[in-house]
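> Next comes start29.cif, mmCIF, C-alpha atoms:
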data_input
#
loop_
_atom_site.label_atom_id
_atom_site.label_comp_id
_atom_site.auth_asym_id
_atom_site.auth_seq_id
_atom_site.Cartn_x
_atom_site.Cartn_y
_atom_site.Cartn_z
CA MET A 1 15.97 37.94 71.96
CA ASN A 2 14.04 40.27 69.70
CA GLU A 3 11.77 42.87 71.14
CA ILE A 4 8.09 41.93 71.07
CA LYS A 5 5.01 44.12 71.10
CA THR A 6 1.30 43.46 70.93
CA ILE A 7 -1.22 45.82 69.37
CA ARG A 8 -4.96 45.52 69.83
CA LYS A 9 -6.85 46.47 66.73
CA TRP A 10 -10.17 45.66 65.12
CA PHE A 11 -10.80 45.05 61.45
CA TRP A 12 -14.08 44.07 59.84
CA ALA A 13 -13.86 40.93 57.72
CA TRP A 14 -14.73 42.97 54.61
CA ASP A 15 -11.73 45.18 55.29
CA PHE A 16 -9.26 42.32 55.02
CA GLU A 17 -7.28 44.18 52.37
CA LYS A 18 -6.91 47.12 54.73
CA GLU A 19 -5.79 44.74 57.45
CA GLU A 20 -3.18 43.19 55.18
CA LYS A 21 -1.93 46.62 54.16
CA TRP A 22 -1.55 47.64 57.79
CA LEU A 23 0.34 44.43 58.64
CA ASN A 24 2.70 45.07 55.75
CA ARG A 25 3.22 48.66 56.83
CA MET A 26 4.21 47.33 60.25
CA ALA A 27 6.60 44.87 58.56
CA ALA A 28 8.08 47.69 56.48
CA GLU A 29 8.76 49.58 59.70
CA GLY A 30 10.57 46.56 61.14
CA TRP A 31 7.74 44.89 63.03
CA ALA A 32 7.02 41.44 61.65
CA LEU A 33 3.86 39.63 62.68
CA VAL A 34 4.56 36.56 64.87
CA SER A 35 1.13 35.63 66.17
CA VAL A 36 -2.50 36.63 66.04
CA GLY A 37 -5.29 36.56 68.58
CA PHE A 38 -8.79 37.95 68.84
CA CYS A 39 -8.37 41.64 67.88
CA SER A 40 -4.72 41.37 68.80
CA TYR A 41 -1.54 41.21 66.77
CA THR A 42 1.89 40.39 68.14
CA PHE A 43 4.99 41.60 66.35
CA GLU A 44 8.69 40.95 66.73
CA GLN A 45 11.37 43.41 65.81
CA SER A 46 12.95 42.50 62.48
CA GLY A 47 14.81 44.17 59.68
CA PRO A 48 12.62 46.79 57.99
CA GLY A 49 10.78 45.10 55.12
CA GLU A 50 12.22 41.70 55.97
CA TYR A 51 8.85 40.01 55.62
CA ILE A 52 5.74 40.12 53.45
CA ILE A 53 2.47 39.29 55.21
CA ARG A 54 -0.59 37.71 53.59
CA LEU A 55 -3.93 36.51 54.94
CA GLU A 56 -6.61 34.30 53.51
CA MET A 57 -9.95 33.03 54.70
CA HIS A 58 -9.77 29.29 54.27
CA ASP A 59 -12.78 27.05 54.44
CA SER A 60 -11.67 23.47 53.93
CA SER A 61 -9.08 21.44 55.80
CA ASP A 62 -6.16 23.59 56.98
CA THR A 63 -3.30 21.15 57.44
CA PRO A 64 -2.68 20.26 53.78
CA PHE A 65 -3.04 23.92 52.82
CA ILE A 66 -0.58 25.10 55.46
CA SER A 67 2.03 22.46 54.61
CA PHE A 68 1.62 23.35 50.92
CA MET A 69 2.28 27.00 51.75
CA GLU A 70 5.31 26.07 53.86
CA GLU A 71 6.64 24.09 50.94
CA THR A 72 6.69 27.33 48.95
CA GLY A 73 8.77 29.10 51.58
CA ALA A 74 5.96 30.76 53.54
CA GLU A 75 5.81 30.63 57.34
CA TYR A 76 2.53 29.96 59.07
CA VAL A 77 1.92 32.75 61.58
CA GLY A 78 -1.45 31.76 63.02
CA LYS A 79 -5.15 31.44 62.59
CA MET A 80 -8.04 33.52 63.87
CA ILE A 81 -11.55 32.21 63.27
CA LYS A 82 -11.24 31.26 59.59
CA TRP A 83 -8.42 33.63 58.70
CA ILE A 84 -4.96 32.17 58.19
CA TYR A 85 -1.90 34.44 58.36
CA PHE A 86 1.36 33.77 56.56
CA ARG A 87 4.61 35.61 56.20
CA ARG A 88 7.51 35.09 53.87
CA ARG A 89 10.97 36.61 53.69
CA SER A 90 10.96 39.31 51.05
CA GLU A 91 14.43 38.25 49.88
CA LEU A 92 12.70 35.14 48.44
CA GLY A 93 10.87 37.37 45.98
CA SER A 94 7.33 38.65 45.68
CA PHE A 95 4.73 36.83 47.75
CA ASP A 96 1.07 36.75 46.81
CA LEU A 97 -1.77 34.37 47.54
CA PHE A 98 -3.75 35.06 44.38
CA SER A 99 -2.47 35.55 40.86
CA ASP A 100 -5.67 35.57 38.83
CA ILE A 101 -9.19 36.99 38.98
CA ASP A 102 -10.88 33.59 39.36
CA SER A 103 -9.11 32.77 42.59
CA ARG A 104 -9.82 36.28 43.96
CA ILE A 105 -13.51 35.81 43.19
CA LYS A 106 -13.47 32.40 44.84
CA HIS A 107 -11.89 33.90 47.95
CA LEU A 108 -14.54 36.63 48.10
CA LYS A 109 -17.25 33.97 47.77
CA THR A 110 -15.84 32.12 50.78
CA ILE A 111 -15.97 35.30 52.87
CA ILE A 112 -19.45 36.18 51.60
CA SER A 113 -20.94 32.79 52.46
CA THR A 114 -19.45 32.91 55.96
CA ILE A 115 -20.86 36.37 56.63
CA ARG A 116 -24.23 35.42 55.13
CA LEU A 117 -24.48 32.55 57.62
CA LEU A 118 -23.71 34.91 60.51
CA LEU A 119 -26.28 37.36 59.18
CA ILE A 120 -29.04 34.77 59.03
CA ALA A 121 -28.21 33.54 62.53
CA ASN A 122 -28.38 37.08 63.91
CA ILE A 123 -31.70 37.81 62.22
CA LEU A 124 -33.26 34.62 63.58
CA ILE A 125 -31.94 35.17 67.11
CA GLY A 126 -32.92 38.84 66.96
CA ILE A 127 -36.48 38.08 65.90
CA SER A 128 -37.01 35.30 68.40
CA ASN A 129 -35.64 37.47 71.21
CA SER A 130 -37.86 40.40 70.23
CA ILE A 131 -40.96 38.25 70.20
CA ASN A 132 -40.15 36.87 73.63
CA VAL A 133 -40.10 39.09 76.67
CA THR A 134 -36.43 39.95 76.47
CA ARG A 135 -35.60 43.16 74.72
CA ILE A 136 -32.04 42.27 73.95
CA GLY A 137 -33.06 41.20 70.45
CA TRP A 138 -32.26 44.61 69.01
CA VAL A 139 -28.55 43.95 69.57
CA ASN A 140 -28.70 41.02 67.16
CA LEU A 141 -30.70 43.04 64.67
CA LEU A 142 -28.11 45.81 64.88
CA VAL A 143 -25.33 43.29 64.25
CA ALA A 144 -27.38 41.90 61.37
CA ALA A 145 -27.66 45.37 59.82
CA LEU A 146 -23.92 45.82 60.07
CA LEU A 147 -23.25 42.42 58.50
CA ALA A 148 -25.68 43.24 55.72
CA TYR A 149 -23.67 46.38 55.02
CA GLY A 150 -20.45 44.34 54.90
CA LEU A 151 -22.06 41.84 52.57
CA GLY A 152 -23.00 44.65 50.23
CA ARG A 153 -19.41 45.88 50.16
CA LEU A 154 -18.08 42.40 49.41
CA ASP A 155 -20.72 41.82 46.73
CA GLU A 156 -19.69 45.03 45.00
CA LYS A 157 -16.07 43.90 45.00
CA LYS A 158 -17.06 40.52 43.64
CA GLU A 159 -19.22 42.01 40.90
CA SER A 160 -16.55 44.36 39.67
CA LEU A 161 -14.12 41.45 39.47
CA GLN A 162 -16.71 39.38 37.62
CA ASN A 163 -17.22 42.17 35.09
CA GLU A 164 -13.50 42.37 34.58
CA ARG A 165 -13.37 38.61 34.17
CA LEU A 166 -15.64 38.87 31.14
CA LEU A 167 -12.83 40.62 29.36
CA ARG A 168 -9.68 39.13 30.80
CA GLU A 169 -8.30 36.65 33.26
CA MET B 1 -16.62 15.24 22.94
CA GLN B 2 -17.62 17.49 25.78
CA GLU B 3 -18.78 21.05 25.22
CA SER B 4 -15.91 23.24 24.21
CA MET B 5 -13.80 24.20 27.15
CA VAL B 6 -11.44 27.11 27.59
CA LEU B 7 -8.71 26.68 30.15
CA THR B 8 -7.42 29.61 32.13
CA GLU B 9 -3.81 30.46 31.60
CA ALA B 10 -3.03 29.14 35.08
CA SER B 11 -4.75 25.77 34.47
CA TYR B 12 -3.10 25.42 31.07
CA TYR B 13 0.38 25.95 32.45
CA ILE B 14 -0.24 23.79 35.52
CA LEU B 15 -1.33 20.88 33.32
CA LEU B 16 1.71 21.38 31.10
CA ALA B 17 4.02 21.48 34.11
CA LEU B 18 2.50 18.22 35.35
CA TYR B 19 3.38 16.33 32.18
CA ASN B 20 6.16 15.07 34.43
CA PRO B 21 5.54 14.49 38.15
CA GLN B 22 6.11 17.66 40.09
CA HIS B 23 5.44 19.11 43.53
CA GLY B 24 3.81 22.47 44.27
CA TYR B 25 6.86 24.67 44.40
CA GLY B 26 8.29 22.82 41.39
CA ILE B 27 5.15 23.71 39.40
CA MET B 28 5.57 27.38 40.24
CA GLN B 29 9.19 27.33 39.08
CA GLU B 30 8.44 25.32 35.95
CA VAL B 31 5.63 27.66 34.90
CA GLU B 32 7.78 30.71 35.49
CA TYR B 33 10.54 29.12 33.44
CA LEU B 34 8.24 28.05 30.57
CA SER B 35 6.72 31.52 30.31
CA ARG B 36 10.13 33.18 30.64
CA GLY B 37 9.19 34.84 33.88
CA ARG B 38 5.86 36.21 32.70
CA VAL B 39 3.48 33.90 34.58
CA ARG B 40 4.06 33.71 38.32
CA LEU B 41 1.49 31.54 40.02
CA ALA B 42 0.63 32.63 43.54
CA ALA B 43 0.59 29.84 46.09
CA GLY B 44 -3.08 30.18 47.06
CA THR B 45 -4.21 30.25 43.44
CA LEU B 46 -2.10 27.18 42.68
CA TYR B 47 -3.41 25.32 45.72
CA GLY B 48 -7.02 26.00 44.74
CA ALA B 49 -6.39 24.92 41.14
CA LEU B 50 -4.64 21.70 42.18
CA THR B 51 -7.46 20.81 44.57
CA SER B 52 -10.17 21.23 41.94
CA MET B 53 -8.16 19.49 39.23
CA VAL B 54 -7.72 16.48 41.52
CA ASP B 55 -11.50 16.52 42.12
CA LYS B 56 -12.13 16.57 38.37
CA GLY B 57 -9.67 13.76 37.76
CA TRP B 58 -7.37 15.83 35.52
CA ILE B 59 -4.38 15.19 37.77
CA ILE B 60 -3.59 12.75 40.58
CA PRO B 61 -1.51 13.12 43.72
CA LEU B 62 1.27 10.55 43.78
CA PRO B 63 2.15 8.60 46.92
CA SER B 64 4.72 10.77 48.66
CA GLU B 65 8.28 9.55 48.86
CA GLU B 66 9.57 8.46 52.20
CA GLY B 67 10.96 11.20 54.37
CA SER B 68 9.47 13.86 52.12
CA ARG B 69 6.52 16.02 53.03
CA LYS B 70 6.23 17.28 49.50
CA LYS B 71 3.28 15.97 47.57
CA ASN B 72 3.84 15.23 43.91
CA TYR B 73 1.18 15.43 41.24
CA GLN B 74 0.91 14.12 37.71
CA ILE B 75 -1.44 14.64 34.79
CA THR B 76 -3.97 11.82 34.07
CA SER B 77 -5.05 10.61 30.64
CA LYS B 78 -8.19 12.70 31.05
CA GLY B 79 -6.08 15.76 31.80
CA LEU B 80 -3.85 15.04 28.84
CA GLU B 81 -6.90 14.86 26.57
CA ILE B 82 -8.07 18.25 27.83
CA LEU B 83 -4.63 19.72 27.35
CA LYS B 84 -4.41 18.44 23.77
CA ASN B 85 -7.82 19.90 22.92
CA GLU B 86 -6.71 23.21 24.35
CA VAL B 87 -3.56 23.23 22.24
CA GLU B 88 -5.74 22.68 19.17
CA ARG B 89 -8.03 25.53 20.18
CA LEU B 90 -5.09 27.86 20.77
CA ARG B 91 -3.68 26.92 17.36
CA GLU B 92 -6.95 28.05 15.79
CA LEU B 93 -6.84 31.37 17.67
CA LEU B 94 -3.29 31.97 16.62
CA LEU B 95 -3.92 31.06 13.00
CA ASN B 96 -6.85 33.44 12.70
CA GLY B 97 -4.97 36.19 14.46
CA ASP B 98 -2.00 35.83 12.14
CA MET B 99 -4.20 35.62 9.06
CA ILE B 100 -6.10 38.82 9.77
CA LEU B 101 -3.28 40.82 11.25
CA LYS B 102 -0.64 39.74 8.73
CA GLY B 103 1.60 42.56 7.81
CA GLU B 104 0.77 44.49 10.96
CA LYS B 105 3.90 45.10 12.95
CA LYS B 106 3.99 44.94 16.72
CA ASP B 107 4.26 48.47 18.07
CA GLU B 108 6.93 49.24 20.57
#
Before we go any further, please render this structure as structure tokens.

Amino acid sequence: MNEIKTIRKWFWAWDFEKEEKWLNRMAAEGWALVSVGFCSYTFEQSGPGEYIIRLEMHDSSDTPFISFMEETGAEYVGKMIKWIYFRRRSELGSFDLFSDIDSRIKHLKTIISTIRLLLIANILIGISNSINVTRIGWVNLLVAALLAYGLGRLDEKKESLQNERLLRE
Amino acid sequence: MQESMVLTEASYYILLALYNPQHGYGIMQEVEYLSRGRVRLAAGTLYGALTSMVDKGWIIPLPSEEGSRKKNYQITSKGLEILKNEVERLRELLLNGDMILKGEKKDE
């Protein structure tokens, strides 16, 4: 039985690339992701660099997407909120989810629309709570401010990809 | 004739690969083979492209064979039409490139 360890860690949705990098650093050190939970990642001991880890926010139906990925040799690790985690043995070759700018832009748009929805919800709840007697509304407004910041970051990323797309694929 | 359309490299090669029925992983291998290893479709990109091409009616999923979880796809007549137009367009690009750059040697 392989050794197992769980690490609690928080990543903002707009830092998904950082999250993926960290998971791959763990894999390179011989800790391959086996399951995900809310702010928690469970790893099993494996050969260093045995796996490549990828994550994607997926909006539509999961089952056909996951079985498609499995068909290409990827293993489904788990799902947290809308994020799906995969891993694939590195001996099978390079493993990426996106190979052109269009699909990267589309992925960013999925994340952006999800966060925008959360932002609107928090603004509405925040305002209605501030108008009423409760004073807890500022928490929602604070969250909204944070989400707005994240949205800005994602929009920047999307725009720079869109500019690049004018010149090449 | 619809307004002129430019396919992405990925869509072009996916449509070509689906001239014969093929499943997802088969498409990836076929495209890599056709492009002599240059074009490597990532699984998420391919999945997204297949989904929207099915929606547009350029390709259709075939009823899966018994005992197989793999879904096969094939190009439709609409898809074939689009592919043929694209080949014509590419021919024009190539012709003009060759005409203007004739005599220029590829550096390397």
> At a cut-off of 9 Å, using all atoms listed in the file, what residues contact Ala17 in chain B? Leave out same-chain residues fewer than 5 positions from it and give the result as a ChimeraX atom specification.
/B:12,22,26-28,30-31,34,74-75
> For the selection just defined, write its residues with C-alpha atoms to a file, as a PDB file, in the coordinates of the input.

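The resulting file, out.pdb, is reproduced below:
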ATOM      1  CA  TYR B  12      -3.100  25.420  31.070  1.00  0.00           C
ATOM      2  CA  GLN B  22       6.110  17.660  40.090  1.00  0.00           C
ATOM      3  CA  GLY B  26       8.290  22.820  41.390  1.00  0.00           C
ATOM      4  CA  ILE B  27       5.150  23.710  39.400  1.00  0.00           C
ATOM      5  CA  MET B  28       5.570  27.380  40.240  1.00  0.00           C
ATOM      6  CA  GLU B  30       8.440  25.320  35.950  1.00  0.00           C
ATOM      7  CA  VAL B  31       5.630  27.660  34.900  1.00  0.00           C
ATOM      8  CA  LEU B  34       8.240  28.050  30.570  1.00  0.00           C
ATOM      9  CA  GLN B  74       0.910  14.120  37.710  1.00  0.00           C
ATOM     10  CA  ILE B  75      -1.440  14.640  34.790  1.00  0.00           C
TER      11      ILE B  75
END
> Please provide the set of residues having any atom within 7 Å of Ile4 in chain A, restricted to all atoms listed in the file, with same-chain residues fewer than 6 positions apart removed, written as a PyMOL selection string.
chain A and resi 43-45
> Kindly indicate which residue among A:Val36, A:Ala28, A:Met57, A:Ile111 lies nearest to Arg153 in chain A, using all atoms listed in the file for the distances.
A:Ile111
> Starting from the displayed file, determine the output of the PyMOL selection byres ((chain A) within 9 of (chain B)) and express the residue list as a list in words.
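For this structure, the PyMOL selection byres ((chain A) within 9 of (chain B)) resolves to Glu56, Phe65, Ser67, Phe68, Met69, Glu71, Thr72, Gly73, Phe95, Asp96, Leu97, Phe98, Ser99, Asp100, Asp102, Ser103, Arg104 and Glu169 of chain A.
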> Report, in Å to a single decimal, how far apart CA of Ala74 in chain A and CA of Val34 in chain A are.
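Rounded to one decimal, the two atoms are 12.8 Å apart.
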> Give me, please, the distance in Å between CA of Ile120 in chain A and CA of Trp14 in chain A, quoted to one decimal.
17.1 Å
> Using all atoms listed in the file, which residues sit within 9 Å of Leu50 in chain B once same-chain residues fewer than 5 positions away are excluded, as a PyMOL selection string?
chain B and resi 11+14+24+45+55+59+73
> Report, in Å with one decimal, the straight-line distance from CA of Ile127 in chain A to CA of Leu108 in chain A.
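These two atoms are separated by 28.3 Å.
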> So for range 78-86 of chain B, what box centre and size do we get, axis-aligned, 6 Å extra on each of the six sides, every listed atom, Å to one decimal, as JSON?

{"center_x": -6.0, "center_y": 18.0, "center_z": 27.4, "size_x": 16.3, "size_y": 22.5, "size_z": 20.9}
> Let me make sure I understand: among B:Ile82, B:Leu93, B:Met99, B:Val87, which one has the smallest atom-to-atom distance to Met5 in chain B if we use all atoms listed in the file?
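Looking only at the distances to Met5 in chain B, the closest residue turns out to be B:Ile82.
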> Any idea what's packed within 12 Å of Asn163 in chain A, counting only C-alpha atoms, ignoring anything in its chain fewer than 5 positions away? Could you give it as number ranges by chain?
A: 101-102, 105, 156-158, 168-169
> My list of candidates is B:Ser77, B:Gly97, B:Glu86, B:Ser52. Which is closest to Val6 in chain B when distances are computed with only C-alpha atoms?
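Ranked by minimum distance to Val6 in chain B, first place goes to B:Glu86.
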> Near His58 in chain A, counting all atoms listed in the file, which residues have an atom at most 10 Å away, once you skip same-chain residues fewer than 6 positions from it, shown as a list in words?
Phe65, Lys79, Ile81, Lys82, Trp83, Ile84, His107, Thr110 and Ile111 of chain A; Gly44 of chain B
> Starting from the sparse input, extend range 55-76 of chain B to N, CA, C and O atoms and give the output as a compact mmCIF listing (two decimals), in the coordinates of the input.

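Full text of result32.txt as output:
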# COMPACT_ATOMS: atom_id res chain seq x y z
N ASP B 55 -10.07 16.88 42.03
CA ASP B 55 -11.50 16.52 42.12
C ASP B 55 -12.07 16.13 40.76
O ASP B 55 -12.88 15.22 40.65
N LYS B 56 -11.63 16.84 39.72
CA LYS B 56 -12.13 16.57 38.37
C LYS B 56 -11.44 15.40 37.70
O LYS B 56 -11.85 14.98 36.62
N GLY B 57 -10.39 14.90 38.33
CA GLY B 57 -9.67 13.76 37.76
C GLY B 57 -8.73 14.14 36.63
O GLY B 57 -8.35 13.30 35.83
N TRP B 58 -8.32 15.40 36.55
CA TRP B 58 -7.37 15.83 35.52
C TRP B 58 -5.94 15.51 35.93
O TRP B 58 -5.07 15.35 35.11
N ILE B 59 -5.71 15.50 37.24
CA ILE B 59 -4.38 15.19 37.77
C ILE B 59 -4.57 14.26 38.98
O ILE B 59 -5.67 14.20 39.54
N ILE B 60 -3.50 13.55 39.35
CA ILE B 60 -3.59 12.75 40.58
C ILE B 60 -2.39 13.05 41.48
O ILE B 60 -1.28 13.28 40.99
N PRO B 61 -2.64 13.02 42.79
CA PRO B 61 -1.51 13.12 43.72
C PRO B 61 -0.80 11.78 43.75
O PRO B 61 -1.45 10.73 43.75
N LEU B 62 0.52 11.80 43.74
CA LEU B 62 1.27 10.55 43.78
C LEU B 62 1.61 10.23 45.23
O LEU B 62 1.71 11.13 46.05
N PRO B 63 1.76 8.94 45.55
CA PRO B 63 2.15 8.60 46.92
C PRO B 63 3.47 9.29 47.25
O PRO B 63 4.38 9.25 46.43
N SER B 64 3.52 9.97 48.39
CA SER B 64 4.72 10.77 48.66
C SER B 64 5.89 9.86 49.00
O SER B 64 5.73 8.80 49.59
N GLU B 65 7.06 10.32 48.59
CA GLU B 65 8.28 9.55 48.86
C GLU B 65 8.57 9.56 50.34
O GLU B 65 8.19 10.47 51.05
N GLU B 66 9.29 8.54 50.77
CA GLU B 66 9.57 8.46 52.20
C GLU B 66 10.46 9.60 52.65
O GLU B 66 11.40 9.98 51.97
N GLY B 67 10.15 10.12 53.81
CA GLY B 67 10.96 11.20 54.37
C GLY B 67 10.70 12.54 53.72
O GLY B 67 11.32 13.53 54.06
N SER B 68 9.76 12.58 52.77
CA SER B 68 9.47 13.86 52.12
C SER B 68 8.04 14.27 52.41
O SER B 68 7.12 13.48 52.30
N ARG B 69 7.87 15.52 52.76
CA ARG B 69 6.52 16.02 53.03
C ARG B 69 5.88 16.55 51.75
O ARG B 69 4.71 16.84 51.71
N LYS B 70 6.73 16.68 50.73
CA LYS B 70 6.23 17.28 49.50
C LYS B 70 5.35 16.31 48.74
O LYS B 70 5.70 15.16 48.53
N LYS B 71 4.20 16.81 48.31
CA LYS B 71 3.28 15.97 47.57
C LYS B 71 3.50 16.21 46.08
O LYS B 71 3.49 17.34 45.62
N ASN B 72 3.67 15.11 45.36
CA ASN B 72 3.84 15.23 43.91
C ASN B 72 2.52 14.96 43.20
O ASN B 72 1.70 14.20 43.67
N TYR B 73 2.38 15.61 42.05
CA TYR B 73 1.18 15.43 41.24
C TYR B 73 1.60 15.05 39.84
O TYR B 73 2.70 15.35 39.40
N GLN B 74 0.66 14.40 39.12
CA GLN B 74 0.91 14.12 37.71
C GLN B 74 -0.38 14.19 36.93
O GLN B 74 -1.47 13.91 37.46
N ILE B 75 -0.26 14.54 35.66
CA ILE B 75 -1.44 14.64 34.79
C ILE B 75 -2.01 13.23 34.54
O ILE B 75 -1.27 12.26 34.50
N THR B 76 -3.33 13.11 34.41
CA THR B 76 -3.97 11.82 34.07
C THR B 76 -4.25 11.80 32.58
O THR B 76 -4.07 12.81 31.88
